[in-house]
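Q: Have a look at this one before I ask anything.
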Amino acid sequence: MSAFRTVPANTAGRDLAVGDIHGHFDRLQQALDRAGFDPGVDRLFSVGDLIDRGPDSARVLEWLDLPWFHAVQGNHEALAITHARGGHVDLRMYRSAGGAWFLDLPQKEQARIADRLEALPVAMQVQTAFGAVGLIHADSPFATWQQLQESLENDDPQVREVCQWSRRRLRAEDASLIEGIDAVVVGHTPVGTPRVLGNVWHLDTAGWSSGFFSLLNIASLTLVTPAT
Ligand SMILES: [Mn+2]
């Protein structure tokens, strides 16, 4: 299973992206309803962190079964996978970061969920009518998208780590472009309103906390304004 996936263009409907979900699938559904999301033709792309913190983390597999829902792995998916595979996770940290629901599941169930999360790519490239848009959870360690693709295809663990955990770009206010891709959408670090640095869209407006879910049309690179 490759850590990099390319998705063909949607010729029928809209392609929207959303930031971290963290187990708040009901709130997400409400945001989709307000945006007039049509599951018959539209698609939703998640930048990861589907699980932990919110009340509905256990519904993650139900959402991953939806044919219109696509996601990359965030650091919270990485924590769950690492733990289920017997790797080292700071359990106190993981529990306080919302992982209790997972830690308290029977091992067999943890393994079943980890299998599905592990199948998710770390980066995704979606073709649109106007170009190509990348999705990663946190940041790219490279200034070119091609280098990121190659490193992930070779499954470089350090590159994976930056993709899922780094907050460098926002902290440094780094507005340089990631070359070789029209735009990149990320989450991981909450922002009050969507923040664009270079061609990188920071979309985690904390819909899982005290904020709201921002939906970005990744073809037109415009935020979806609720119909209501
Ligand atoms: Mn995160």
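Lettering and numbering for the structure tokens are positional, with chains as A, B, ... in the shown order, residues counted from 1 in each chain, and ligands counted from 1 in the shown order.
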Near region 61-68 of chain A, within 9 Å and counting only C-alpha atoms, which residues show up once chain neighbours fewer than 3 positions away are dropped, as a VMD selection string?
A: chain A and resid 25 39 to 45 57 to 58 71 113 116 to 117
Q: I'd like the contact shell of Ala129 (chain A) - 10 Å cut-off, only C-alpha atoms, skipping same-chain residues fewer than 6 positions apart - returned as a list in words.
A: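 Counting only the stated atoms, we get Ala9, Asn10, Thr11, Ile218, Ala219 and Ser220 of chain A.
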Q: Could you produce a table of the residues of chain A lying within 12 Å of ligand 1, with the nearest pair of atoms per residue and their separation in Å rounded to one decimal, using only C-alpha atoms and all ligand atoms, ordered by chain and increasing residue number, as CSV?
A:
residue,atom,partner,partner_atom_place_in_ligand_line,distance
A:Gly19,CA,ligand 1,1 (Mn),9.5
A:Asp20,CA,ligand 1,1 (Mn),7.0
A:Ile21,CA,ligand 1,1 (Mn),9.7
A:His22,CA,ligand 1,1 (Mn),9.0
A:Ser46,CA,ligand 1,1 (Mn),11.8
A:Val47,CA,ligand 1,1 (Mn),9.0
A:Gly48,CA,ligand 1,1 (Mn),7.3
A:Asp49,CA,ligand 1,1 (Mn),5.5
A:Leu50,CA,ligand 1,1 (Mn),9.2
A:Ile51,CA,ligand 1,1 (Mn),9.8
A:Asp52,CA,ligand 1,1 (Mn),10.1
A:Arg53,CA,ligand 1,1 (Mn),11.3
A:Val72,CA,ligand 1,1 (Mn),11.3
A:Gln73,CA,ligand 1,1 (Mn),9.3
A:Gly74,CA,ligand 1,1 (Mn),5.5
A:Asn75,CA,ligand 1,1 (Mn),5.1
A:His76,CA,ligand 1,1 (Mn),6.1
A:Glu77,CA,ligand 1,1 (Mn),8.9
A:Ala78,CA,ligand 1,1 (Mn),9.7
A:Leu79,CA,ligand 1,1 (Mn),10.3
A:Ala97,CA,ligand 1,1 (Mn),10.2
A:Gly98,CA,ligand 1,1 (Mn),11.6
A:Ile136,CA,ligand 1,1 (Mn),10.5
A:His137,CA,ligand 1,1 (Mn),6.7
A:Ala138,CA,ligand 1,1 (Mn),6.8
A:Asp139,CA,ligand 1,1 (Mn),10.5
A:Glu161,CA,ligand 1,1 (Mn),11.3
A:Val162,CA,ligand 1,1 (Mn),11.2
A:Cys163,CA,ligand 1,1 (Mn),10.0
A:Gln164,CA,ligand 1,1 (Mn),6.7
A:Trp165,CA,ligand 1,1 (Mn),6.5
A:Ser166,CA,ligand 1,1 (Mn),8.9
A:Arg167,CA,ligand 1,1 (Mn),9.5
A:Val186,CA,ligand 1,1 (Mn),9.6
A:Gly187,CA,ligand 1,1 (Mn),6.9
A:His188,CA,ligand 1,1 (Mn),3.7
A:Thr189,CA,ligand 1,1 (Mn),6.8
A:Pro190,CA,ligand 1,1 (Mn),9.1
A:His202,CA,ligand 1,1 (Mn),11.9
A:Leu203,CA,ligand 1,1 (Mn),11.8
A:Asp204,CA,ligand 1,1 (Mn),9.3
A:Ala206,CA,ligand 1,1 (Mn),11.0
A:Trp208,CA,ligand 1,1 (Mn),11.7
Q: For Glu173 (chain A), please output as JSON, numbers by chain all residues within 10 Å (counting only C-alpha atoms; exclusion window: fewer than 3 positions along the same chain).
A: {"A": [168, 169, 170, 176, 196, 197, 198]}
Q: Check the smallest atom-to-atom distance from each of A:Ala114, A:Val7, A:Val200, A:Ala31 to Gln127 (chain A) using only C-alpha atoms, then report the winner.
A: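 The closest residue to Gln127 (chain A) is A:Val7.
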Q: If you run DSSP over the backbone, which residues in region 86-219 of chain A end up alpha helix (DSSP H)? Put them as a ChimeraX atom specification.
A: /A:91-94,100-103,107-118,145-153,157-165,168-171
Q: Given only C-alpha atoms as the basis, pick out the residue of A:Pro194, A:Gly13, A:Pro55, A:Gly86 nearest to Phe213 (chain A).
A: A:Pro194
Q: Residues near Leu221 (chain A), anyone? I mean within 10 Å using only C-alpha atoms, not counting same-chain ones fewer than 3 positions away, as a ChimeraX atom specification.
A: /A:16-17,130,133,182-183,185,201,216-218,224
Q: Of the candidates A:Thr193, A:Gln149, A:Ser209, A:Gln158, which shows the shortest atom-to-atom distance to Ile181 (chain A), using only C-alpha atoms?
A: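 Result for the nearest residue to Ile181 (chain A): A:Gln149.
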Q: Find the distance between CA of Asp104 (chain A) and CA of Leu120 (chain A) and write it in Å to one decimal.
A: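 Separating CA of Asp104 (chain A) from CA of Leu120 (chain A) is a distance of 22.9 Å.
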Q: If you run DSSP over the backbone, which residues in region 6-226 of chain A end up strand (DSSP E)? Put them as a PyMOL selection string.
A: chain A and resi 6-7+15-18+43-46+69-71+123-128+131-136+183-186+195-197+200-202+215-217+222-223
Q: Select from region 95-129 of chain A every residue with an atom at most 12 Å from any atom of region 153-156 of chain A, then for each give the shortest pair of atoms and their distance in Å to one decimal, using only C-alpha atoms, rows by chain and rising number, as JSON lines.
A:
{"residue": "A:Pro121", "atom": "CA", "partner": "A:Glu153", "partner_atom": "CA", "distance": 10.0}
{"residue": "A:Val122", "atom": "CA", "partner": "A:Asp155", "partner_atom": "CA", "distance": 9.7}
{"residue": "A:Ala123", "atom": "CA", "partner": "A:Glu153", "partner_atom": "CA", "distance": 10.0}
{"residue": "A:Met124", "atom": "CA", "partner": "A:Glu153", "partner_atom": "CA", "distance": 11.6}
Q: If I take CA of Glu109 (chain A) and CA of Thr82 (chain A), how far is one from the other in Å, to one decimal?
A: 14.3 Å
